[in-house]
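Peer 1: There's a structure below that I have some questions on.
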Amino acid sequence: MIAVLVSAGVALLVALLGTPLFIKFLVKRNYGQFIRQDGPTAHFTKRGTPTMGGVVIIGATLVGWAASCVVSGRLPSASSVLVIFLMTGLGLVGFLDDYIKISKQRSLGLSARWKIIGQGIVGISFAVLALQFPNANFRTPASTKISFIRDTNIDLAFAGVALGLILFVLWANLIITAWSNAVNLTDGLDGLATGASLMVFGGYVIVSIWQFNQNCQWAVGPRCYEVRDPLDLAVVAAAITGALFGFLWWNASPAKIFMGDTGSLALGGALAGLSILSRTELLAIILGGLFVLVVLSDVIQIGFFKMTGKRVFKMAPLHHHFELSGWGEVTIVIRFWIIAGLFVALGLGIFYAEWVVG
């Protein structure tokens, strides 16, 4: 458990102390955020604020994760490497998107086509590799079974290994795309996505530690968990949580830096990876309920407008609707944090109740 504390503590310090240095670097090179023209007018004052802060989040996570490996004296497991790969891979796609925005002096970066291609390359690679690397107990990082709190009886390999692999790749990429876009949509107000994300990843620290203590590989029982490397997943989740705490110090309103697509895509990828490898794919929908609400508001707005020509919300995603309704930015962020925390508490409650009740 010391490894979990070390990863969180080191990542927090790196993010807390490294972010102002990165801000100076970005300011010196005029790497500032460009604001969408159809957004709330209050956002125009944020034009020029340094972006690509996701670089710090990813970097702090990597340092925290590496420090925990050194302290524990253990080599990184396949599961932890896969989550880190997914996080950094999608972060790279986001970085390219942010860099194009800055270099081209516009609010749009990578085209949708190239963003999808980039996410697809990373996502497919992750999905294929996640079904490899069986350990001494013949457990692979991921499973072809769809999971809620643990694997269900719905197996994507119902018609053979080959079809199972194809369906799993499609399923995993649906999850990856959904979560990366969900965090990206939520990243619209100072500290909103950062604060909500750290609660969700903090929840995954608890889930993974519980799975470690009740794991089928050494604590055989009727309610044990078939997860390959739960402790290593807890270490990665703790590193991300620590990095987000440190980054939030500078990202809170008024933000000195934005995470950009570099951060939001990376965090969405990490959340997707943790949900798949901890066998909690559907539970993640509850833990990350705030992100789901934000996505639904966007889907409802677009769908209703196409059908009727009218809008349900003054503006989507949901937080912009409340901005245009007269709510202050800090008020919205704090209330959305409360909602995010309630969803995490609900998810953890369901997770524990399932183990107790069976």
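For the structure tokens, the naming scheme is as follows: chains receive sequential letters (A, B, ...) according to their order of presentation, residues are indexed from 1 within each chain, and ligands are indexed from 1 in presentation order.
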Might you pull out every residue within 12 Å of region 158-171 of chain A, with only C-alpha atoms counted and same-chain residues fewer than 5 positions away left off, and present them as a PyMOL selection string?

Peer 2: chain A and resi 120-132+142-147+153+176-178+272+276+281-282

Peer 1: Can you tell me, as number ranges by chain, what residues are no more than 10 Å from region 296-300 of chain A when counting only C-alpha atoms, ignoring any on the same chain fewer than 2 positions away?

Peer 2: A: 182, 185, 290-294, 302-306, 311-313, 315-319, 321

Peer 1: For the contact check between region 164-263 of chain A and region 78-101 of chain A, emit one row per residue of region 164-263 of chain A within 8 Å, containing the shortest atom pair and the distance in Å rounded to one decimal, counting only C-alpha atoms, chain then rising number order, as JSON lines.

Peer 2:
```
{"residue": "A:Arg228", "atom": "CA", "partner": "A:Ser79", "partner_atom": "CA", "distance": 7.4}
{"residue": "A:Asp229", "atom": "CA", "partner": "A:Ser79", "partner_atom": "CA", "distance": 6.1}
{"residue": "A:Asp232", "atom": "CA", "partner": "A:Ser80", "partner_atom": "CA", "distance": 5.7}
{"residue": "A:Leu233", "atom": "CA", "partner": "A:Ser80", "partner_atom": "CA", "distance": 5.7}
{"residue": "A:Val236", "atom": "CA", "partner": "A:Ser80", "partner_atom": "CA", "distance": 6.4}
{"residue": "A:Gly260", "atom": "CA", "partner": "A:Asp98", "partner_atom": "CA", "distance": 6.6}
{"residue": "A:Asp261", "atom": "CA", "partner": "A:Gly94", "partner_atom": "CA", "distance": 4.4}
{"residue": "A:Thr262", "atom": "CA", "partner": "A:Gly94", "partner_atom": "CA", "distance": 4.0}
{"residue": "A:Gly263", "atom": "CA", "partner": "A:Gly91", "partner_atom": "CA", "distance": 6.2}
```

Peer 1: Might you pull out every residue within 10 Å of Ala238 (chain A), with only C-alpha atoms counted and same-chain residues fewer than 3 positions away left off, and present them as a list in words?

Peer 2: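 That gives Ala3, Val4, Leu5, Val6, Ser7, Ala8, Gly9, Ala11, Leu12, Thr61, Gly64, Trp65, Leu198, Phe201, Gly202, Gly203, Tyr204, Val205, Ile206, Asp232, Leu233, Ala234, Val235, Thr241, Gly242, Ala243 and Leu244 of chain A.
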
Peer 1: Output the selection as an mmCIF file, in the first residue's frame - N, CA and C atoms for each residue.

Peer 2:
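part.cif, freshly written:
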```cif
data_model
loop_
_atom_site.group_PDB
_atom_site.id
_atom_site.type_symbol
_atom_site.label_atom_id
_atom_site.label_comp_id
_atom_site.auth_asym_id
_atom_site.auth_seq_id
_atom_site.Cartn_x
_atom_site.Cartn_y
_atom_site.Cartn_z
ATOM 1 N N ALA A 3 3.196 1.847 -1.948
ATOM 2 C CA ALA A 3 3.362 2.235 -3.351
ATOM 3 C C ALA A 3 2.244 3.164 -3.811
ATOM 4 N N VAL A 4 1.034 2.920 -3.313
ATOM 5 C CA VAL A 4 -0.113 3.768 -3.667
ATOM 6 C C VAL A 4 0.091 5.177 -3.128
ATOM 7 N N LEU A 5 0.528 5.270 -1.877
ATOM 8 C CA LEU A 5 0.754 6.580 -1.261
ATOM 9 C C LEU A 5 1.905 7.318 -1.954
ATOM 10 N N VAL A 6 2.959 6.588 -2.286
ATOM 11 C CA VAL A 6 4.115 7.212 -2.949
ATOM 12 C C VAL A 6 3.723 7.750 -4.323
ATOM 13 N N SER A 7 2.981 6.959 -5.073
ATOM 14 C CA SER A 7 2.586 7.405 -6.416
ATOM 15 C C SER A 7 1.741 8.669 -6.350
ATOM 16 N N ALA A 8 0.797 8.714 -5.404
ATOM 17 C CA ALA A 8 -0.069 9.884 -5.264
ATOM 18 C C ALA A 8 0.725 11.099 -4.791
ATOM 19 N N GLY A 9 1.577 10.898 -3.767
ATOM 20 C CA GLY A 9 2.338 12.014 -3.203
ATOM 21 C C GLY A 9 3.337 12.604 -4.169
ATOM 22 N N ALA A 11 3.313 12.356 -7.504
ATOM 23 C CA ALA A 11 2.592 12.981 -8.617
ATOM 24 C C ALA A 11 2.039 14.344 -8.216
ATOM 25 N N LEU A 12 1.517 14.441 -6.986
ATOM 26 C CA LEU A 12 0.987 15.716 -6.496
ATOM 27 C C LEU A 12 2.088 16.781 -6.464
ATOM 28 N N THR A 61 1.924 12.035 -13.572
ATOM 29 C CA THR A 61 1.449 10.657 -13.411
ATOM 30 C C THR A 61 2.564 9.657 -13.684
ATOM 31 N N GLY A 64 5.105 9.791 -10.797
ATOM 32 C CA GLY A 64 4.546 9.153 -9.602
ATOM 33 C C GLY A 64 4.496 7.644 -9.741
ATOM 34 N N TRP A 65 4.073 7.176 -10.896
ATOM 35 C CA TRP A 65 4.002 5.733 -11.182
ATOM 36 C C TRP A 65 5.395 5.108 -11.130
ATOM 37 N N LEU A 198 -10.691 14.001 -10.604
ATOM 38 C CA LEU A 198 -9.931 13.505 -9.449
ATOM 39 C C LEU A 198 -10.835 12.724 -8.491
ATOM 40 N N PHE A 201 -11.210 9.210 -10.252
ATOM 41 C CA PHE A 201 -9.988 8.415 -10.127
ATOM 42 C C PHE A 201 -9.718 8.058 -8.666
ATOM 43 N N GLY A 202 -10.082 8.955 -7.755
ATOM 44 C CA GLY A 202 -9.989 8.618 -6.344
ATOM 45 C C GLY A 202 -10.886 7.438 -6.002
ATOM 46 N N GLY A 203 -12.069 7.407 -6.619
ATOM 47 C CA GLY A 203 -12.971 6.274 -6.441
ATOM 48 C C GLY A 203 -12.348 4.985 -6.939
ATOM 49 N N TYR A 204 -11.611 5.069 -8.039
ATOM 50 C CA TYR A 204 -10.970 3.869 -8.588
ATOM 51 C C TYR A 204 -9.801 3.399 -7.726
ATOM 52 N N VAL A 205 -9.194 4.302 -6.977
ATOM 53 C CA VAL A 205 -8.179 3.870 -6.009
ATOM 54 C C VAL A 205 -8.826 2.947 -4.984
ATOM 55 N N ILE A 206 -9.982 3.352 -4.472
ATOM 56 C CA ILE A 206 -10.702 2.556 -3.474
ATOM 57 C C ILE A 206 -11.156 1.226 -4.065
ATOM 58 N N ASP A 232 -1.691 -2.678 -8.879
ATOM 59 C CA ASP A 232 -1.021 -1.811 -9.849
ATOM 60 C C ASP A 232 -1.996 -0.807 -10.467
ATOM 61 N N LEU A 233 -3.252 -1.221 -10.640
ATOM 62 C CA LEU A 233 -4.270 -0.289 -11.125
ATOM 63 C C LEU A 233 -4.522 0.793 -10.072
ATOM 64 N N ALA A 234 -4.486 0.406 -8.795
ATOM 65 C CA ALA A 234 -4.652 1.385 -7.718
ATOM 66 C C ALA A 234 -3.506 2.388 -7.730
ATOM 67 N N VAL A 235 -2.302 1.914 -8.009
ATOM 68 C CA VAL A 235 -1.131 2.798 -8.066
ATOM 69 C C VAL A 235 -1.287 3.824 -9.186
ATOM 70 N N THR A 241 -4.743 10.757 -9.614
ATOM 71 C CA THR A 241 -5.448 11.571 -8.613
ATOM 72 C C THR A 241 -4.517 12.626 -8.018
ATOM 73 N N GLY A 242 -3.309 12.209 -7.652
ATOM 74 C CA GLY A 242 -2.337 13.159 -7.105
ATOM 75 C C GLY A 242 -1.976 14.238 -8.098
ATOM 76 N N ALA A 243 -1.774 13.842 -9.361
ATOM 77 C CA ALA A 243 -1.444 14.816 -10.405
ATOM 78 C C ALA A 243 -2.566 15.830 -10.580
ATOM 79 N N LEU A 244 -3.803 15.357 -10.499
ATOM 80 C CA LEU A 244 -4.949 16.254 -10.660
ATOM 81 C C LEU A 244 -5.089 17.212 -9.488
#
```

Peer 1: Within region 46-204 of chain A, find each residue whose DSSP state, derived from the backbone, is strand (DSSP E or B), and express the selection as a PyMOL selection string.

Peer 2: chain A and resi 50+145-147+151-155

Peer 1: Please save N, CA and C atoms of the selected residues as a PDB file, in the first residue's frame.

Peer 2:
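Written file, part.pdb:
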```pdb
ATOM      1  N   PRO A  50      -2.596  30.128 -21.033  1.00  0.00           N
ATOM      2  CA  PRO A  50      -1.810  28.962 -21.469  1.00  0.00           C
ATOM      3  C   PRO A  50      -2.636  27.683 -21.443  1.00  0.00           C
ATOM      4  N   LYS A 145     -15.595 -10.718 -21.619  1.00  0.00           N
ATOM      5  CA  LYS A 145     -16.916 -10.605 -21.005  1.00  0.00           C
ATOM      6  C   LYS A 145     -17.220  -9.151 -20.651  1.00  0.00           C
ATOM      7  N   ILE A 146     -18.429  -8.722 -20.924  1.00  0.00           N
ATOM      8  CA  ILE A 146     -18.858  -7.385 -20.532  1.00  0.00           C
ATOM      9  C   ILE A 146     -19.013  -7.367 -19.007  1.00  0.00           C
ATOM     10  N   SER A 147     -18.532  -6.314 -18.378  1.00  0.00           N
ATOM     11  CA  SER A 147     -18.512  -6.284 -16.918  1.00  0.00           C
ATOM     12  C   SER A 147     -19.354  -5.150 -16.345  1.00  0.00           C
ATOM     13  N   ASP A 151     -17.058  -9.406 -14.047  1.00  0.00           N
ATOM     14  CA  ASP A 151     -17.493  -9.949 -15.331  1.00  0.00           C
ATOM     15  C   ASP A 151     -18.887 -10.541 -15.223  1.00  0.00           C
ATOM     16  N   THR A 152     -19.718 -10.251 -16.234  1.00  0.00           N
ATOM     17  CA  THR A 152     -21.053 -10.846 -16.301  1.00  0.00           C
ATOM     18  C   THR A 152     -20.991 -12.110 -17.158  1.00  0.00           C
ATOM     19  N   ASN A 153     -22.133 -12.700 -17.410  1.00  0.00           N
ATOM     20  CA  ASN A 153     -22.190 -13.905 -18.254  1.00  0.00           C
ATOM     21  C   ASN A 153     -22.284 -13.569 -19.737  1.00  0.00           C
ATOM     22  N   ILE A 154     -22.283 -12.273 -20.066  1.00  0.00           N
ATOM     23  CA  ILE A 154     -22.334 -11.858 -21.476  1.00  0.00           C
ATOM     24  C   ILE A 154     -20.922 -11.875 -22.029  1.00  0.00           C
ATOM     25  N   ASP A 155     -20.616 -12.885 -22.846  1.00  0.00           N
ATOM     26  CA  ASP A 155     -19.270 -13.073 -23.373  1.00  0.00           C
ATOM     27  C   ASP A 155     -19.244 -12.737 -24.863  1.00  0.00           C
TER      28      ASP A 155
END
```

Peer 1: Could you go through region 112-168 of chain A and tell me which residues DSSP, when run on the backbone, assigns to alpha helix (DSSP H), listing them as a PDB file with C-alpha atoms, in the first residue's frame?

Peer 2:
```pdb
ATOM      1  CA  ALA A 112     -12.461  15.031 -36.921  1.00  0.00           C
ATOM      2  CA  ARG A 113     -11.114  12.477 -39.384  1.00  0.00           C
ATOM      3  CA  TRP A 114      -7.552  12.579 -38.104  1.00  0.00           C
ATOM      4  CA  LYS A 115      -8.630  12.700 -34.484  1.00  0.00           C
ATOM      5  CA  ILE A 116     -10.696   9.543 -34.996  1.00  0.00           C
ATOM      6  CA  ILE A 117      -7.795   7.855 -36.791  1.00  0.00           C
ATOM      7  CA  GLY A 118      -5.411   8.747 -33.969  1.00  0.00           C
ATOM      8  CA  GLN A 119      -7.805   7.554 -31.277  1.00  0.00           C
ATOM      9  CA  GLY A 120      -8.470   4.404 -33.300  1.00  0.00           C
ATOM     10  CA  ILE A 121      -4.788   3.467 -33.616  1.00  0.00           C
ATOM     11  CA  VAL A 122      -4.235   3.855 -29.888  1.00  0.00           C
ATOM     12  CA  GLY A 123      -7.532   2.225 -28.921  1.00  0.00           C
ATOM     13  CA  ILE A 124      -7.160  -0.811 -31.187  1.00  0.00           C
ATOM     14  CA  SER A 125      -3.604  -1.381 -30.017  1.00  0.00           C
ATOM     15  CA  PHE A 126      -4.741  -1.212 -26.380  1.00  0.00           C
ATOM     16  CA  ALA A 127      -7.661  -3.601 -26.941  1.00  0.00           C
ATOM     17  CA  VAL A 128      -5.583  -6.244 -28.738  1.00  0.00           C
ATOM     18  CA  LEU A 129      -2.780  -6.111 -26.170  1.00  0.00           C
ATOM     19  CA  ALA A 130      -5.210  -6.196 -23.238  1.00  0.00           C
ATOM     20  CA  VAL A 161     -11.953 -16.533 -30.146  1.00  0.00           C
ATOM     21  CA  ALA A 162     -11.594 -14.713 -33.495  1.00  0.00           C
ATOM     22  CA  LEU A 163     -15.048 -13.119 -33.378  1.00  0.00           C
ATOM     23  CA  GLY A 164     -14.577 -12.434 -29.681  1.00  0.00           C
ATOM     24  CA  LEU A 165     -11.403 -10.478 -30.393  1.00  0.00           C
ATOM     25  CA  ILE A 166     -13.122  -8.385 -33.076  1.00  0.00           C
ATOM     26  CA  LEU A 167     -16.146  -7.643 -30.901  1.00  0.00           C
ATOM     27  CA  PHE A 168     -13.945  -6.825 -27.911  1.00  0.00           C
TER      28      PHE A 168
END
```

Peer 1: Can you pull out the residues contacting His320 (chain A)? Cut-off 9 Å, using only C-alpha atoms, and skip same-chain residues under 4 positions away; I want them as number ranges by chain.

Peer 2: A: 39-40, 188-189, 313-316, 324-325

Peer 1: Just the selected residues (N, CA and C atoms), exported as a PDB file, in the first residue's frame, please.

Peer 2:
```pdb
ATOM      1  N   GLY A  39     -19.416  30.757 -28.052  1.00  0.00           N
ATOM      2  CA  GLY A  39     -19.538  30.459 -26.633  1.00  0.00           C
ATOM      3  C   GLY A  39     -19.980  31.672 -25.841  1.00  0.00           C
ATOM      4  N   PRO A  40     -20.168  31.484 -24.522  1.00  0.00           N
ATOM      5  CA  PRO A  40     -20.544  32.616 -23.654  1.00  0.00           C
ATOM      6  C   PRO A  40     -19.512  33.728 -23.768  1.00  0.00           C
ATOM      7  N   GLY A 188     -14.932  22.710 -19.814  1.00  0.00           N
ATOM      8  CA  GLY A 188     -15.369  23.980 -20.360  1.00  0.00           C
ATOM      9  C   GLY A 188     -15.312  25.144 -19.388  1.00  0.00           C
ATOM     10  N   LEU A 189     -15.132  24.841 -18.098  1.00  0.00           N
ATOM     11  CA  LEU A 189     -15.046  25.870 -17.071  1.00  0.00           C
ATOM     12  C   LEU A 189     -13.815  25.613 -16.207  1.00  0.00           C
ATOM     13  N   PHE A 313     -31.810  23.329 -24.340  1.00  0.00           N
ATOM     14  CA  PHE A 313     -30.971  24.143 -23.465  1.00  0.00           C
ATOM     15  C   PHE A 313     -30.575  25.434 -24.174  1.00  0.00           C
ATOM     16  N   LYS A 314     -30.273  26.447 -23.407  1.00  0.00           N
ATOM     17  CA  LYS A 314     -29.817  27.703 -24.005  1.00  0.00           C
ATOM     18  C   LYS A 314     -28.520  27.495 -24.772  1.00  0.00           C
ATOM     19  N   MET A 315     -27.714  26.572 -24.276  1.00  0.00           N
ATOM     20  CA  MET A 315     -26.487  26.195 -24.961  1.00  0.00           C
ATOM     21  C   MET A 315     -26.006  24.878 -24.372  1.00  0.00           C
ATOM     22  N   ALA A 316     -25.426  24.041 -25.198  1.00  0.00           N
ATOM     23  CA  ALA A 316     -24.848  22.783 -24.726  1.00  0.00           C
ATOM     24  C   ALA A 316     -23.336  22.848 -24.922  1.00  0.00           C
ATOM     25  N   LEU A 324     -25.451  30.817 -19.200  1.00  0.00           N
ATOM     26  CA  LEU A 324     -26.355  31.745 -19.871  1.00  0.00           C
ATOM     27  C   LEU A 324     -27.625  31.996 -19.064  1.00  0.00           C
ATOM     28  N   SER A 325     -27.852  31.163 -18.045  1.00  0.00           N
ATOM     29  CA  SER A 325     -28.999  31.377 -17.154  1.00  0.00           C
ATOM     30  C   SER A 325     -28.660  32.317 -16.008  1.00  0.00           C
TER      31      SER A 325
END
```

Peer 1: Identify, on the basis of only C-alpha atoms, every residue whose closest approach to Val330 (chain A) does not exceed 12 Å; exclude the query and any residue fewer than 3 positions from it along the same chain; express the result as a PyMOL selection string.

Peer 2: chain A and resi 189-192+252-255+319+322-323+326-327+333-337

Peer 1: Deliver the residues from the most recent selection as a file, using N, CA and C atoms, as a PDB file, in the first residue's frame.

Peer 2:
```
ATOM      1  N   LEU A 189     -15.132  24.841 -18.098  1.00  0.00           N
ATOM      2  CA  LEU A 189     -15.046  25.870 -17.071  1.00  0.00           C
ATOM      3  C   LEU A 189     -13.815  25.613 -16.207  1.00  0.00           C
ATOM      4  N   ASP A 190     -13.302  26.662 -15.600  1.00  0.00           N
ATOM      5  CA  ASP A 190     -12.074  26.549 -14.812  1.00  0.00           C
ATOM      6  C   ASP A 190     -12.212  25.514 -13.695  1.00  0.00           C
ATOM      7  N   GLY A 191     -11.416  24.469 -13.762  1.00  0.00           N
ATOM      8  CA  GLY A 191     -11.378  23.461 -12.713  1.00  0.00           C
ATOM      9  C   GLY A 191     -12.470  22.419 -12.767  1.00  0.00           C
ATOM     10  N   LEU A 192     -13.442  22.544 -13.668  1.00  0.00           N
ATOM     11  CA  LEU A 192     -14.590  21.634 -13.675  1.00  0.00           C
ATOM     12  C   LEU A 192     -14.174  20.193 -13.956  1.00  0.00           C
ATOM     13  N   ALA A 252      -7.824  26.006 -10.921  1.00  0.00           N
ATOM     14  CA  ALA A 252      -9.041  26.526 -10.296  1.00  0.00           C
ATOM     15  C   ALA A 252      -9.253  27.982 -10.702  1.00  0.00           C
ATOM     16  N   SER A 253     -10.520  28.412 -10.678  1.00  0.00           N
ATOM     17  CA  SER A 253     -10.869  29.768 -11.114  1.00  0.00           C
ATOM     18  C   SER A 253     -10.225  30.844 -10.235  1.00  0.00           C
ATOM     19  N   PRO A 254      -9.608  31.867 -10.860  1.00  0.00           N
ATOM     20  CA  PRO A 254      -9.386  32.019 -12.295  1.00  0.00           C
ATOM     21  C   PRO A 254      -8.181  31.202 -12.751  1.00  0.00           C
ATOM     22  N   ALA A 255      -8.386  30.364 -13.739  1.00  0.00           N
ATOM     23  CA  ALA A 255      -7.361  29.408 -14.160  1.00  0.00           C
ATOM     24  C   ALA A 255      -6.127  30.109 -14.713  1.00  0.00           C
ATOM     25  N   HIS A 319     -23.165  22.800 -18.720  1.00  0.00           N
ATOM     26  CA  HIS A 319     -22.633  23.884 -17.878  1.00  0.00           C
ATOM     27  C   HIS A 319     -22.782  25.250 -18.550  1.00  0.00           C
ATOM     28  N   PHE A 322     -26.258  26.786 -17.864  1.00  0.00           N
ATOM     29  CA  PHE A 322     -26.376  27.479 -16.582  1.00  0.00           C
ATOM     30  C   PHE A 322     -25.625  28.815 -16.594  1.00  0.00           C
ATOM     31  N   GLU A 323     -24.535  28.890 -17.367  1.00  0.00           N
ATOM     32  CA  GLU A 323     -23.842  30.171 -17.517  1.00  0.00           C
ATOM     33  C   GLU A 323     -24.768  31.212 -18.122  1.00  0.00           C
ATOM     34  N   GLY A 326     -27.407  32.775 -15.967  1.00  0.00           N
ATOM     35  CA  GLY A 326     -27.010  33.756 -14.968  1.00  0.00           C
ATOM     36  C   GLY A 326     -26.216  33.211 -13.800  1.00  0.00           C
ATOM     37  N   TRP A 327     -25.925  31.913 -13.779  1.00  0.00           N
ATOM     38  CA  TRP A 327     -25.120  31.356 -12.699  1.00  0.00           C
ATOM     39  C   TRP A 327     -23.665  31.784 -12.867  1.00  0.00           C
ATOM     40  N   VAL A 333     -19.247  25.373 -11.111  1.00  0.00           N
ATOM     41  CA  VAL A 333     -18.190  24.377 -10.908  1.00  0.00           C
ATOM     42  C   VAL A 333     -18.363  23.662  -9.576  1.00  0.00           C
ATOM     43  N   ILE A 334     -18.610  24.408  -8.509  1.00  0.00           N
ATOM     44  CA  ILE A 334     -18.753  23.792  -7.189  1.00  0.00           C
ATOM     45  C   ILE A 334     -19.974  22.872  -7.143  1.00  0.00           C
ATOM     46  N   ARG A 335     -21.070  23.315  -7.723  1.00  0.00           N
ATOM     47  CA  ARG A 335     -22.273  22.479  -7.708  1.00  0.00           C
ATOM     48  C   ARG A 335     -22.090  21.232  -8.566  1.00  0.00           C
ATOM     49  N   PHE A 336     -21.385  21.363  -9.677  1.00  0.00           N
ATOM     50  CA  PHE A 336     -21.109  20.195 -10.504  1.00  0.00           C
ATOM     51  C   PHE A 336     -20.129  19.248  -9.805  1.00  0.00           C
ATOM     52  N   TRP A 337     -19.187  19.803  -9.032  1.00  0.00           N
ATOM     53  CA  TRP A 337     -18.303  18.952  -8.226  1.00  0.00           C
ATOM     54  C   TRP A 337     -19.115  18.145  -7.211  1.00  0.00           C
TER      55      TRP A 337
END
```

Peer 1: Using only C-alpha atoms, which protein or nucleic acid residues come within 12 Å of Leu17 (chain A)? Drop anything in the same chain fewer than 5 positions from it, and give the result as a VMD selection string.

Peer 2: chain A and resid 10 to 12 22 to 23 56 to 57 60 243 245 to 250

Peer 1: How many Å lie between CA of Ile350 (chain A) and CA of Gly273 (chain A), rounded to one decimal?

Peer 2: 20.5 Å

Peer 1: Do you have the CA of Pro230 (chain A)-CA of Ile209 (chain A) distance handy?

Peer 2: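 Between CA of Pro230 (chain A) and CA of Ile209 (chain A) the gap works out to 6.6 Å.
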
Peer 1: Would you compute the distance between CA of Leu283 (chain A) and CA of Gly269 (chain A)? Give it in Å to one decimal.

Peer 2: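 Separation between CA of Leu283 (chain A) and CA of Gly269 (chain A): 16.0 Å.
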